[in-house]
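Data file: structure_22.cif. Format and content: mmCIF, C-alpha atoms and all ligand atoms.
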```cif
data_work
loop_
_atom_site.group_PDB
_atom_site.id
_atom_site.type_symbol
_atom_site.label_atom_id
_atom_site.label_comp_id
_atom_site.auth_asym_id
_atom_site.auth_seq_id
_atom_site.Cartn_x
_atom_site.Cartn_y
_atom_site.Cartn_z
ATOM 1 C CA MET A 773 0.000 0.000 0.000
ATOM 2 C CA ILE A 774 1.582 3.267 -1.137
ATOM 3 C CA PRO A 775 0.620 6.367 0.918
ATOM 4 C CA ASP A 776 -0.589 9.593 -0.701
ATOM 5 C CA ARG A 777 1.727 11.271 -3.194
ATOM 6 C CA PRO A 778 4.045 12.929 -3.526
ATOM 7 C CA LEU A 779 6.506 10.628 -1.809
ATOM 8 C CA ARG A 780 9.978 11.871 -1.074
ATOM 9 C CA SER A 781 11.521 8.439 -1.154
ATOM 10 C CA ALA A 782 10.586 4.848 -1.987
ATOM 11 C CA THR A 783 12.404 1.525 -1.689
ATOM 12 C CA ALA A 784 11.564 -1.315 -4.062
ATOM 13 C CA PHE A 785 12.458 -4.981 -3.721
ATOM 14 C CA ALA A 786 12.876 -6.880 -6.979
ATOM 15 C CA PRO A 787 13.322 -10.663 -6.981
ATOM 16 C CA ALA A 788 15.866 -12.706 -8.889
ATOM 17 C CA SER A 789 14.703 -14.598 -11.956
ATOM 18 C CA ILE A 790 15.276 -17.668 -14.071
ATOM 19 C CA GLY A 791 15.665 -16.599 -17.707
ATOM 20 C CA ASN A 792 14.950 -18.912 -20.665
ATOM 21 C CA VAL A 793 13.450 -21.767 -18.550
ATOM 22 C CA ALA A 794 15.047 -24.339 -20.877
ATOM 23 C CA ALA A 795 13.612 -23.935 -24.410
ATOM 24 C CA GLY A 796 12.369 -20.344 -24.038
ATOM 25 C CA PHE A 797 15.590 -18.553 -24.960
ATOM 26 C CA ASP A 798 15.121 -14.808 -24.434
ATOM 27 C CA VAL A 799 11.304 -15.101 -24.291
ATOM 28 C CA LEU A 800 10.377 -17.064 -21.146
ATOM 29 C CA GLY A 801 11.306 -16.437 -17.508
ATOM 30 C CA HIS A 802 10.028 -16.645 -13.977
ATOM 31 C CA ALA A 803 10.574 -14.762 -10.750
ATOM 32 C CA MET A 804 12.592 -16.305 -7.921
ATOM 33 C CA ASP A 805 11.374 -14.689 -4.737
ATOM 34 C CA ALA A 806 13.896 -16.106 -2.274
ATOM 35 C CA VAL A 807 16.549 -13.511 -3.085
ATOM 36 C CA GLY A 808 16.614 -10.078 -4.697
ATOM 37 C CA ASP A 809 17.903 -6.506 -4.894
ATOM 38 C CA LEU A 810 16.698 -3.365 -3.095
ATOM 39 C CA VAL A 811 16.826 0.100 -4.622
ATOM 40 C CA THR A 812 15.857 3.322 -2.836
ATOM 41 C CA VAL A 813 15.045 6.357 -4.956
ATOM 42 C CA THR A 814 14.776 9.797 -3.359
ATOM 43 C CA ARG A 815 13.565 12.919 -5.140
ATOM 44 C CA SER A 816 16.210 15.630 -5.273
ATOM 45 C CA VAL A 817 15.959 19.305 -6.132
ATOM 46 C CA GLU A 818 18.886 18.958 -8.508
ATOM 47 C CA ARG A 819 17.913 17.444 -11.878
ATOM 48 C CA GLY A 820 19.539 14.292 -13.165
ATOM 49 C CA VAL A 821 20.387 10.974 -11.537
ATOM 50 C CA ARG A 822 23.043 10.326 -8.882
ATOM 51 C CA ILE A 823 24.115 7.048 -7.293
ATOM 52 C CA VAL A 824 24.647 7.793 -3.610
ATOM 53 C CA SER A 825 25.533 4.300 -2.338
ATOM 54 C CA VAL A 826 26.083 0.700 -3.385
ATOM 55 C CA ASP A 827 26.187 -2.025 -0.747
ATOM 56 C CA GLY A 828 24.981 -5.537 0.027
ATOM 57 C CA ILE A 829 26.903 -8.480 -1.433
ATOM 58 C CA VAL A 830 28.399 -6.357 -4.232
ATOM 59 C CA GLY A 831 30.089 -2.988 -3.738
ATOM 60 C CA ASP A 832 31.951 -2.280 -6.957
ATOM 61 C CA LEU A 833 29.194 -1.402 -9.436
ATOM 62 C CA PRO A 834 29.700 1.441 -11.938
ATOM 63 C CA GLY A 835 29.218 4.864 -10.339
ATOM 64 C CA ASP A 836 28.278 6.444 -13.693
ATOM 65 C CA PRO A 837 24.451 6.381 -13.856
ATOM 66 C CA ALA A 838 24.554 5.750 -17.620
ATOM 67 C CA ALA A 839 26.628 2.599 -17.080
ATOM 68 C CA ASN A 840 24.692 1.223 -14.094
ATOM 69 C CA THR A 841 21.700 -1.047 -14.710
ATOM 70 C CA ALA A 842 19.765 0.418 -11.769
ATOM 71 C CA THR A 843 19.946 3.960 -13.118
ATOM 72 C CA ALA A 844 20.254 3.896 -16.930
ATOM 73 C CA GLY A 845 16.465 3.676 -17.288
ATOM 74 C CA LEU A 846 16.008 6.522 -14.809
ATOM 75 C CA LEU A 847 18.198 8.802 -16.921
ATOM 76 C CA ARG A 848 15.943 8.111 -19.881
ATOM 77 C CA MET A 849 12.881 8.699 -17.690
ATOM 78 C CA VAL A 850 14.130 12.100 -16.486
ATOM 79 C CA ASP A 851 14.649 13.163 -20.107
ATOM 80 C CA ASP A 852 11.426 11.723 -21.537
ATOM 81 C CA LEU A 853 9.219 13.146 -18.797
ATOM 82 C CA GLU A 854 11.144 16.434 -18.656
ATOM 83 C CA LEU A 855 11.108 16.158 -14.866
ATOM 84 C CA SER A 856 11.847 19.312 -12.884
ATOM 85 C CA PHE A 857 13.526 17.251 -10.158
ATOM 86 C CA GLY A 858 16.119 14.487 -10.031
ATOM 87 C CA PHE A 859 16.726 11.109 -8.375
ATOM 88 C CA GLU A 860 19.227 10.037 -5.747
ATOM 89 C CA VAL A 861 19.660 6.282 -5.874
ATOM 90 C CA ALA A 862 20.897 3.827 -3.239
ATOM 91 C CA ILE A 863 21.468 0.246 -4.386
ATOM 92 C CA ARG A 864 21.593 -2.806 -2.109
ATOM 93 C CA LYS A 865 22.594 -5.909 -4.053
ATOM 94 C CA GLY A 866 21.354 -9.287 -2.899
ATOM 95 C CA ILE A 867 21.987 -11.079 -6.202
ATOM 96 C CA PRO A 868 25.548 -12.029 -7.197
ATOM 97 C CA LEU A 869 26.955 -10.504 -10.395
ATOM 98 C CA GLY A 870 27.372 -12.758 -13.410
ATOM 99 C CA SER A 871 25.318 -15.504 -11.777
ATOM 100 C CA GLY A 872 22.559 -16.028 -14.347
ATOM 101 C CA MET A 873 20.026 -15.050 -11.694
ATOM 102 C CA GLY A 874 18.788 -11.903 -13.415
ATOM 103 C CA GLY A 875 20.713 -9.584 -11.118
ATOM 104 C CA SER A 876 21.091 -6.762 -13.612
ATOM 105 C CA ALA A 877 17.407 -6.896 -14.510
ATOM 106 C CA SER A 878 16.495 -7.002 -10.823
ATOM 107 C CA SER A 879 18.386 -3.776 -10.128
ATOM 108 C CA ALA A 880 16.912 -2.205 -13.257
ATOM 109 C CA VAL A 881 13.363 -3.116 -12.262
ATOM 110 C CA ALA A 882 13.812 -2.100 -8.619
ATOM 111 C CA GLY A 883 15.160 1.295 -9.733
ATOM 112 C CA VAL A 884 12.263 1.943 -12.085
ATOM 113 C CA VAL A 885 9.575 0.729 -9.654
ATOM 114 C CA ALA A 886 10.990 2.913 -6.860
ATOM 115 C CA ALA A 887 11.308 5.925 -9.188
ATOM 116 C CA SER A 888 7.768 5.452 -10.454
ATOM 117 C CA ALA A 889 6.533 5.531 -6.865
ATOM 118 C CA VAL A 890 8.009 8.991 -6.265
ATOM 119 C CA LEU A 891 6.655 10.531 -9.488
ATOM 120 C CA ASP A 892 3.605 12.779 -9.269
ATOM 121 C CA VAL A 893 1.855 10.329 -11.605
ATOM 122 C CA PRO A 894 3.107 6.720 -11.556
ATOM 123 C CA LEU A 895 4.189 4.989 -14.752
ATOM 124 C CA SER A 896 2.062 2.351 -16.448
ATOM 125 C CA VAL A 897 3.280 -1.244 -16.332
ATOM 126 C CA ASP A 898 4.356 -1.043 -19.992
ATOM 127 C CA GLU A 899 6.338 2.128 -19.257
ATOM 128 C CA GLN A 900 8.026 0.483 -16.258
ATOM 129 C CA PHE A 901 8.933 -2.505 -18.433
ATOM 130 C CA THR A 902 10.359 -0.275 -21.169
ATOM 131 C CA TYR A 903 12.526 1.821 -18.814
ATOM 132 C CA ALA A 904 13.758 -1.293 -16.991
ATOM 133 C CA MET A 905 14.745 -2.765 -20.354
ATOM 134 C CA VAL A 906 17.023 0.239 -20.901
ATOM 135 C CA GLY A 907 18.868 -0.667 -17.707
ATOM 136 C CA GLU A 908 19.020 -4.386 -18.512
ATOM 137 C CA ALA A 909 20.512 -3.674 -21.949
ATOM 138 C CA VAL A 910 23.480 -1.931 -20.298
ATOM 139 C CA ALA A 911 24.531 -5.233 -18.743
ATOM 140 C CA SER A 912 23.723 -7.811 -21.376
ATOM 141 C CA GLY A 913 24.346 -5.831 -24.558
ATOM 142 C CA ALA A 914 21.102 -7.168 -25.995
ATOM 143 C CA MET A 915 17.394 -6.450 -25.672
ATOM 144 C CA HIS A 916 15.626 -9.439 -24.135
ATOM 145 C CA GLY A 917 12.798 -9.280 -21.638
ATOM 146 C CA ASP A 918 12.826 -12.780 -20.185
ATOM 147 C CA ASN A 919 14.259 -11.471 -16.897
ATOM 148 C CA VAL A 920 12.678 -8.013 -16.716
ATOM 149 C CA ALA A 921 9.084 -9.179 -17.317
ATOM 150 C CA PRO A 922 8.848 -11.802 -14.531
ATOM 151 C CA ILE A 923 10.863 -9.659 -12.117
ATOM 152 C CA LEU A 924 8.444 -6.783 -12.666
ATOM 153 C CA LEU A 925 5.239 -8.805 -12.784
ATOM 154 C CA GLY A 926 5.953 -12.066 -10.923
ATOM 155 C CA GLY A 927 5.336 -15.681 -11.885
ATOM 156 C CA LEU A 928 6.158 -17.195 -15.270
ATOM 157 C CA ARG A 929 5.986 -14.773 -18.199
ATOM 158 C CA LEU A 930 6.205 -15.201 -21.942
ATOM 159 C CA VAL A 931 7.540 -12.097 -23.667
ATOM 160 C CA ARG A 932 5.967 -12.259 -27.121
ATOM 161 C CA ALA A 933 7.283 -8.799 -28.029
ATOM 162 C CA ILE A 934 9.173 -6.006 -26.319
ATOM 163 C CA ASP A 935 8.258 -2.955 -28.445
ATOM 164 C CA PRO A 936 5.473 -2.459 -27.775
ATOM 165 C CA PRO A 937 5.492 -4.892 -24.843
ATOM 166 C CA ASP A 938 3.294 -7.966 -25.221
ATOM 167 C CA ILE A 939 3.741 -10.014 -22.076
ATOM 168 C CA VAL A 940 1.712 -13.146 -21.392
ATOM 169 C CA ARG A 941 1.201 -14.594 -17.925
ATOM 170 C CA VAL A 942 1.631 -18.359 -17.986
ATOM 171 C CA PRO A 943 -0.101 -20.005 -15.012
ATOM 172 C CA VAL A 944 1.983 -22.615 -13.211
ATOM 173 C CA PRO A 945 0.580 -25.424 -11.037
ATOM 174 C CA ALA A 946 0.726 -24.207 -7.416
ATOM 175 C CA GLY A 947 2.939 -27.028 -6.166
ATOM 176 C CA ILE A 948 5.778 -26.433 -8.617
ATOM 177 C CA ARG A 949 8.943 -25.304 -6.861
ATOM 178 C CA CYS A 950 12.153 -24.034 -8.394
ATOM 179 C CA VAL A 951 15.539 -24.967 -6.987
ATOM 180 C CA LEU A 952 18.228 -22.468 -7.971
ATOM 181 C CA VAL A 953 21.848 -23.424 -7.394
ATOM 182 C CA HIS A 954 24.565 -20.826 -7.844
ATOM 183 C CA PRO A 955 28.123 -22.115 -8.137
ATOM 184 C CA MET A 956 30.655 -19.633 -6.753
ATOM 185 C CA LEU A 957 31.766 -18.638 -10.241
ATOM 186 C CA ARG A 958 31.118 -15.579 -12.376
ATOM 187 C CA LEU A 959 30.002 -15.785 -15.998
ATOM 188 C CA ASP A 960 29.095 -12.545 -17.716
ATOM 189 C CA THR A 961 26.044 -12.614 -19.978
ATOM 190 C CA ARG A 962 27.995 -11.103 -22.877
ATOM 191 C CA THR A 963 30.509 -13.975 -22.670
ATOM 192 C CA ALA A 964 27.759 -16.587 -22.473
ATOM 193 C CA ARG A 965 25.980 -15.060 -25.470
ATOM 194 C CA ALA A 966 29.179 -14.999 -27.531
ATOM 195 C CA VAL A 967 29.333 -18.827 -27.594
ATOM 196 C CA LEU A 968 25.829 -19.243 -29.019
ATOM 197 C CA PRO A 969 25.318 -20.504 -32.574
ATOM 198 C CA ARG A 970 24.298 -17.753 -35.015
ATOM 199 C CA GLN A 971 22.302 -20.226 -37.098
ATOM 200 C CA ILE A 972 20.659 -23.572 -36.353
ATOM 201 C CA PRO A 973 19.282 -26.304 -38.614
ATOM 202 C CA LEU A 974 15.552 -26.177 -39.275
ATOM 203 C CA SER A 975 15.153 -29.614 -37.668
ATOM 204 C CA LEU A 976 16.616 -28.260 -34.423
ATOM 205 C CA HIS A 977 14.287 -25.270 -34.543
ATOM 206 C CA VAL A 978 11.364 -27.687 -34.860
ATOM 207 C CA ARG A 979 12.538 -29.744 -31.894
ATOM 208 C CA GLN A 980 13.093 -26.672 -29.711
ATOM 209 C CA SER A 981 9.727 -25.150 -30.703
ATOM 210 C CA ALA A 982 7.996 -28.368 -29.705
ATOM 211 C CA GLU A 983 9.604 -28.245 -26.252
ATOM 212 C CA LEU A 984 8.648 -24.602 -25.690
ATOM 213 C CA ALA A 985 5.083 -25.167 -26.854
ATOM 214 C CA GLY A 986 4.885 -28.324 -24.734
ATOM 215 C CA LEU A 987 6.104 -26.496 -21.635
ATOM 216 C CA VAL A 988 3.642 -23.634 -22.039
ATOM 217 C CA ALA A 989 0.781 -26.020 -22.866
ATOM 218 C CA GLY A 990 1.674 -28.168 -19.846
ATOM 219 C CA CYS A 991 1.559 -25.115 -17.603
ATOM 220 C CA PHE A 992 -1.820 -23.967 -18.918
ATOM 221 C CA ALA A 993 -3.227 -27.489 -18.641
ATOM 222 C CA GLY A 994 -1.718 -28.161 -15.204
ATOM 223 C CA ASP A 995 -0.158 -31.280 -16.758
ATOM 224 C CA VAL A 996 2.938 -31.894 -14.619
ATOM 225 C CA ALA A 997 4.041 -34.912 -16.664
ATOM 226 C CA LEU A 998 4.000 -32.851 -19.877
ATOM 227 C CA ILE A 999 5.936 -30.073 -18.125
ATOM 228 C CA GLY A 1000 8.548 -32.662 -17.168
ATOM 229 C CA ARG A 1001 8.817 -34.004 -20.731
ATOM 230 C CA ALA A 1002 9.151 -30.513 -22.218
ATOM 231 C CA LEU A 1003 11.691 -28.932 -19.825
ATOM 232 C CA ALA A 1004 14.599 -29.380 -22.217
ATOM 233 C CA ASP A 1005 16.849 -27.107 -24.266
ATOM 234 C CA HIS A 1006 18.519 -28.515 -27.375
ATOM 235 C CA VAL A 1007 20.014 -25.259 -28.694
ATOM 236 C CA VAL A 1008 21.452 -22.967 -26.029
ATOM 237 C CA GLU A 1009 22.324 -25.367 -23.214
ATOM 238 C CA PRO A 1010 24.705 -27.526 -25.322
ATOM 239 C CA ALA A 1011 26.675 -24.406 -26.316
ATOM 240 C CA ARG A 1012 26.945 -23.051 -22.777
ATOM 241 C CA ALA A 1013 27.337 -26.248 -20.740
ATOM 242 C CA PRO A 1014 31.135 -26.380 -21.289
ATOM 243 C CA LEU A 1015 31.387 -22.980 -19.530
ATOM 244 C CA VAL A 1016 30.100 -24.491 -16.258
ATOM 245 C CA PRO A 1017 32.338 -26.994 -14.438
ATOM 246 C CA GLY A 1018 30.269 -29.982 -13.323
ATOM 247 C CA PHE A 1019 27.227 -29.011 -15.409
ATOM 248 C CA HIS A 1020 26.342 -32.501 -16.629
ATOM 249 C CA ALA A 1021 26.891 -34.115 -13.214
ATOM 250 C CA VAL A 1022 24.712 -31.517 -11.492
ATOM 251 C CA GLN A 1023 21.973 -31.867 -14.083
ATOM 252 C CA ALA A 1024 22.081 -35.654 -13.763
ATOM 253 C CA ALA A 1025 21.942 -35.355 -9.965
ATOM 254 C CA ALA A 1026 18.829 -33.180 -10.191
ATOM 255 C CA ARG A 1027 17.105 -35.647 -12.485
ATOM 256 C CA GLY A 1028 18.224 -38.565 -10.324
ATOM 257 C CA ALA A 1029 16.604 -36.919 -7.288
ATOM 258 C CA GLY A 1030 13.323 -36.634 -9.174
ATOM 259 C CA ALA A 1031 13.387 -33.134 -10.703
ATOM 260 C CA LEU A 1032 10.931 -32.515 -13.543
ATOM 261 C CA GLY A 1033 13.751 -30.887 -15.475
ATOM 262 C CA CYS A 1034 17.014 -29.020 -14.980
ATOM 263 C CA SER A 1035 18.921 -26.555 -17.153
ATOM 264 C CA LEU A 1036 20.941 -23.367 -16.998
ATOM 265 C CA SER A 1037 19.378 -20.395 -15.260
ATOM 266 C CA GLY A 1038 19.543 -17.544 -17.762
ATOM 267 C CA ALA A 1039 23.040 -17.294 -19.156
ATOM 268 C CA GLY A 1040 24.469 -19.412 -16.311
ATOM 269 C CA PRO A 1041 26.532 -20.504 -14.472
ATOM 270 C CA SER A 1042 23.607 -21.133 -12.080
ATOM 271 C CA LEU A 1043 21.361 -24.113 -12.738
ATOM 272 C CA PHE A 1044 17.672 -24.370 -11.964
ATOM 273 C CA ALA A 1045 15.450 -27.397 -11.486
ATOM 274 C CA TRP A 1046 11.659 -27.521 -11.368
ATOM 275 C CA CYS A 1047 10.220 -29.893 -8.780
ATOM 276 C CA ASP A 1048 6.758 -31.149 -7.909
ATOM 277 C CA GLY A 1049 6.400 -30.203 -4.239
ATOM 278 C CA ASP A 1050 8.560 -29.179 -1.295
ATOM 279 C CA ALA A 1051 9.935 -32.628 -0.439
ATOM 280 C CA MET A 1052 11.229 -33.168 -3.967
ATOM 281 C CA ALA A 1053 12.706 -29.670 -4.004
ATOM 282 C CA ALA A 1054 14.654 -30.301 -0.793
ATOM 283 C CA ALA A 1055 16.043 -33.586 -2.139
ATOM 284 C CA VAL A 1056 16.976 -32.026 -5.491
ATOM 285 C CA ARG A 1057 18.688 -29.085 -3.816
ATOM 286 C CA ALA A 1058 20.811 -31.440 -1.701
ATOM 287 C CA ALA A 1059 21.700 -33.584 -4.730
ATOM 288 C CA MET A 1060 22.688 -30.596 -6.893
ATOM 289 C CA THR A 1061 24.877 -28.916 -4.282
ATOM 290 C CA ALA A 1062 26.551 -32.270 -3.508
ATOM 291 C CA ALA A 1063 27.261 -32.785 -7.213
ATOM 292 C CA PHE A 1064 28.825 -29.335 -7.528
ATOM 293 C CA ARG A 1065 30.959 -30.071 -4.452
ATOM 294 C CA ALA A 1066 32.080 -33.365 -5.978
ATOM 295 C CA ALA A 1067 33.137 -31.356 -9.046
ATOM 296 C CA GLY A 1068 35.205 -29.084 -6.804
ATOM 297 C CA VAL A 1069 32.786 -26.137 -6.859
ATOM 298 C CA GLU A 1070 31.106 -24.666 -3.777
ATOM 299 C CA SER A 1071 27.589 -23.366 -4.286
ATOM 300 C CA GLU A 1072 24.637 -21.680 -2.611
ATOM 301 C CA ALA A 1073 21.012 -22.559 -3.273
ATOM 302 C CA TRP A 1074 17.452 -21.277 -2.899
ATOM 303 C CA ILE A 1075 13.956 -22.704 -3.290
ATOM 304 C CA SER A 1076 10.943 -20.640 -4.395
ATOM 305 C CA PRO A 1077 7.471 -21.323 -5.756
ATOM 306 C CA VAL A 1078 7.555 -20.629 -9.505
ATOM 307 C CA ASP A 1079 4.305 -18.705 -9.144
ATOM 308 C CA CYS A 1080 5.725 -16.032 -6.818
ATOM 309 C CA PRO A 1081 5.276 -12.228 -6.653
ATOM 310 C CA GLY A 1082 7.293 -9.714 -8.630
ATOM 311 C CA ALA A 1083 8.773 -6.354 -7.619
ATOM 312 C CA ARG A 1084 7.073 -4.296 -4.937
ATOM 313 C CA ILE A 1085 7.501 -1.176 -2.804
ATOM 314 C CA VAL A 1086 8.671 -2.168 0.674
ATOM 315 C CA GLU A 1087 9.298 1.224 2.299
ATOM 316 C CA THR A 1088 8.303 4.832 1.686
ATOM 317 C CA ILE A 1089 9.000 8.268 3.136
ATOM 318 C CA SER A 1090 6.375 10.931 2.558
ATOM 319 C CA GLY A 1091 7.258 14.294 1.106
HETATM 320 N N1 LIG A 1101 18.033 -14.882 -22.115
HETATM 321 C C1 LIG A 1101 19.275 -14.357 -21.660
HETATM 322 C C2 LIG A 1101 20.407 -15.270 -22.094
HETATM 323 C C3 LIG A 1101 19.216 -14.251 -20.175
HETATM 324 O O1 LIG A 1101 20.238 -16.477 -21.993
HETATM 325 O O2 LIG A 1101 21.438 -14.776 -22.545
HETATM 326 C C4 LIG A 1101 20.394 -13.605 -19.575
HETATM 327 O O3 LIG A 1101 20.205 -13.546 -18.176
#
```
Please go through the file and, once you have read it, give me the structure as structure tokens.
Amino acid sequence: MIPDRPLRSATAFAPASIGNVAAGFDVLGHAMDAVGDLVTVTRSVERGVRIVSVDGIVGDLPGDPAANTATAGLLRMVDDLELSFGFEVAIRKGIPLGSGMGGSASSAVAGVVAASAVLDVPLSVDEQFTYAMVGEAVASGAMHGDNVAPILLGGLRLVRAIDPPDIVRVPVPAGIRCVLVHPMLRLDTRTARAVLPRQIPLSLHVRQSAELAGLVAGCFAGDVALIGRALADHVVEPARAPLVPGFHAVQAAARGAGALGCSLSGAGPSLFAWCDGDAMAAAVRAAMTAAFRAAGVESEAWISPVDCPGARIVETISG
């Protein structure tokens, strides 16, 4: 509940996310509520955008607002709306950099949601998505909304188009849990995109399309068995798997413990696994972290319902 405007300051929490969700490269993603970033935006008399602090688990983010994912969209907003005031921005990172957990998109969304809350008239959802995409593009070097959409809106989202935004909510059976395992390694999205094939055979496109359609159909139908059959990626995962030590062992461990499916989270190196229920999720989490350890890699892990909330205002200060 946001008090009467104008607010002087607002803090937004934005969750992590799982991009791609196997076959949905760049178009499908879901929120991961167990961890996230916080951004506080305060109205300032001086125009423009200033980063006043960066803390949490990461302290060395760019101080130039144009180069920082949390603020690049705000710069555009100040210009587009011809605002007579500016924004002071404090960033608290909860998501590791280069983890494949949507950390750049999370900061971008949290910044835009907090800034929208201190405007005289809040932005529409489409406007928030568009400004957050500006921030996300700073980090990944490409325009894809599979992190921004679910972080902003929650749950599993299909991004059919980004300009103008056409974002589809995909309902997920309530018992489905996501296990997210982050190996203590950093893999930048630009690096992980550079290894992708520029072209694929038509037969591979057909196979991948069938998996994506099967996954979405399984979600709409509440057909857990179909979801399990369709959680597979035949295009992107094979190209990126060599970048993650222990990938195949961890994936096999997840499947062996009963996971419906397991693949890279976003650009990696984190892996995610969908599970039917809490007990399976706990067993899969233990199996995946043990497999990473056996491969000589320490990891941290979270469990979240796939159908979880997106970004929200968690604190405000009235003007
Ligand atoms: N869809 C993007 C990729 C997500 O796989 O490169 C990056 O987090």
| said: Which residue is closest to ligand LIG 1101 (chain A)? Choose from A:Val942, A:Ala904, A:Ala844, A:Val1008 and count all atoms listed in the file. | reply: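 Among A:Val942, A:Ala904, A:Ala844, A:Val1008, it is A:Val1008 that comes nearest to ligand LIG 1101 (chain A).
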Closest-contact table, chain A side, partner ligand LIG 1101 (chain A), 7 Å, counting only C-alpha atoms and all ligand atoms, as a Markdown table:
```
| residue | atom | partner | partner_atom | distance |
| --- | --- | --- | --- | --- |
| A:Gly791 | CA | A:LIG1101 | C3 | 4.9 |
| A:Asn792 | CA | A:LIG1101 | N1 | 5.3 |
| A:Phe797 | CA | A:LIG1101 | N1 | 5.2 |
| A:Asp798 | CA | A:LIG1101 | N1 | 3.7 |
| A:Gly872 | CA | A:LIG1101 | O3 | 5.1 |
| A:Met873 | CA | A:LIG1101 | O3 | 6.7 |
| A:Gly874 | CA | A:LIG1101 | O3 | 5.2 |
| A:Ser912 | CA | A:LIG1101 | C4 | 6.9 |
| A:His916 | CA | A:LIG1101 | N1 | 6.3 |
| A:Asp918 | CA | A:LIG1101 | N1 | 5.9 |
| A:Asn919 | CA | A:LIG1101 | O3 | 6.4 |
| A:Thr961 | CA | A:LIG1101 | O2 | 5.7 |
| A:Ala964 | CA | A:LIG1101 | O2 | 6.6 |
| A:Arg965 | CA | A:LIG1101 | O2 | 5.4 |
| A:Gly1038 | CA | A:LIG1101 | O3 | 4.1 |
| A:Ala1039 | CA | A:LIG1101 | O1 | 4.1 |
```
Give one line per residue of stretch 781-801 of chain A that approaches stretch 1042-1049 of chain A to at most 10 Å, naming the two atoms of the closest pair and their distance in Å to one decimal, counting only C-alpha atoms; sort by chain then ascending residue number and deliver it as a Markdown table.
```
| residue | atom | partner | partner_atom | distance |
| --- | --- | --- | --- | --- |
| A:Ile790 | CA | A:Phe1044 | CA | 7.4 |
| A:Gly791 | CA | A:Phe1044 | CA | 9.9 |
| A:Val793 | CA | A:Phe1044 | CA | 8.2 |
| A:Ala794 | CA | A:Phe1044 | CA | 9.3 |
```
| request: Would you mind reading off the distance between atom CA of A:Gly866 and atom CA of A:Val807, one decimal, in Å? | output: 6.4 Å
Give me the stretch 877-959 of chain A side of the contact with stretch 977-991 of chain A, cut-off 8 Å, one line per residue showing its nearest atom pair and distance in Å at one decimal, counting only C-alpha atoms, sorted by chain and residue number, as a Markdown table.
```
| residue | atom | partner | partner_atom | distance |
| --- | --- | --- | --- | --- |
| A:Val942 | CA | A:Cys991 | CA | 6.8 |
| A:Pro943 | CA | A:Cys991 | CA | 6.0 |
| A:Val944 | CA | A:Cys991 | CA | 5.1 |
| A:Pro945 | CA | A:Cys991 | CA | 6.6 |
```
Kindly export the residues of the current selection with C-alpha atoms, as a PDB file, keeping the file's coordinate frame.
```pdb
ATOM      1  CA  VAL A 942       1.631 -18.359 -17.986  1.00  0.00           C
ATOM      2  CA  PRO A 943      -0.101 -20.005 -15.012  1.00  0.00           C
ATOM      3  CA  VAL A 944       1.983 -22.615 -13.211  1.00  0.00           C
ATOM      4  CA  PRO A 945       0.580 -25.424 -11.037  1.00  0.00           C
TER       5      PRO A 945
END
```
| message | Once the PyMOL selection byres (((chain A and resi 1054-1059) around 6) and not hetatm) is applied to the coordinates I shared, what remains selected? I want it as an MDAnalysis selection string. | response | chainID A and resid 1025:1026 1029 1051:1053 1060:1062
Given the selection you just returned, output its residues as a file containing C-alpha atoms, formatted as a PDB file, in the frame of the given file.
```pdb
ATOM      1  CA  ALA A1025      21.942 -35.355  -9.965  1.00  0.00           C
ATOM      2  CA  ALA A1026      18.829 -33.180 -10.191  1.00  0.00           C
ATOM      3  CA  ALA A1029      16.604 -36.919  -7.288  1.00  0.00           C
ATOM      4  CA  ALA A1051       9.935 -32.628  -0.439  1.00  0.00           C
ATOM      5  CA  MET A1052      11.229 -33.168  -3.967  1.00  0.00           C
ATOM      6  CA  ALA A1053      12.706 -29.670  -4.004  1.00  0.00           C
ATOM      7  CA  MET A1060      22.688 -30.596  -6.893  1.00  0.00           C
ATOM      8  CA  THR A1061      24.877 -28.916  -4.282  1.00  0.00           C
ATOM      9  CA  ALA A1062      26.551 -32.270  -3.508  1.00  0.00           C
TER      10      ALA A1062
END
```
| query | Can you tell me, as a VMD selection string, what residues are no more than 9 Å from A:Ala933 when counting all atoms listed in the file, ignoring any on the same chain fewer than 4 positions away? | reply | chain A and resid 799 917 937 to 939
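Atom CA of A:Val967 is found 11.4 Å from atom CA of A:Val1007.
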| request: Write out as a list in words the residues lying within 12 Å of A:Asp827, counting all atoms listed in the file and excluding same-chain residues fewer than 5 positions away. | output: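 In the requested format, the answer is Asp809, Leu810, Val811, Thr812, Asp832, Leu833, Val861, Ala862, Ile863, Arg864, Lys865, Gly866, Ile867 and Pro868 of chain A.
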| query | Leaving out stretch 886-888 of chain A and any residue of its chain fewer than 6 positions from it, which residues lie within 6 Å of it when counting only C-alpha atoms, given as a PyMOL selection string? | reply | chain A and resi 782-784+813+894-895
| remark: From atom CA of A:Ser1035 to atom CA of A:Ala1002 the spacing works out at 11.7 Å
| field | Hits from the PyMOL selection byres (((chain A and resi 881) around 12) and not hetatm), listed as a ChimeraX atom specification | value | /A:783-789,808-812,841-846,863,874-880,882-888,897,899-908,917,919-926,1082-1085
Report, as AutoDock Vina command-line options, the centre and edge lengths in Å (one decimal) of the axis-aligned box enclosing every listed atom of stretch 1020-1032 of chain A, padded by 8 Å on each side.
```
--center_x 18.9 --center_y -35.0 --center_z -12.0 --size_x 32.0 --size_y 23.0 --size_z 25.3
```
| message | Give me, as an NGL selection string, all polymer residues having an atom no more than 10 Å from A:Val850, counting only C-alpha atoms and skipping those fewer than 4 positions away in the same chain. | response | :A and (819-821 or 845-846 or 854-859 or 887)
| query | Between A:Leu930, A:Ala1013, A:Ile829, A:Val951, which has the minimum distance to A:Ser1076 (counting all atoms listed in the file)? | reply |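 So, comparing all the options, the nearest one is A:Val951.
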| task | Find, counting only C-alpha atoms, the residue in A:Gly1068, A:Gly913, A:Gly1033, A:Gly1040 that gets nearest to A:Arg949. | result |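 For A:Arg949, the nearest of the given residues is A:Gly1033.
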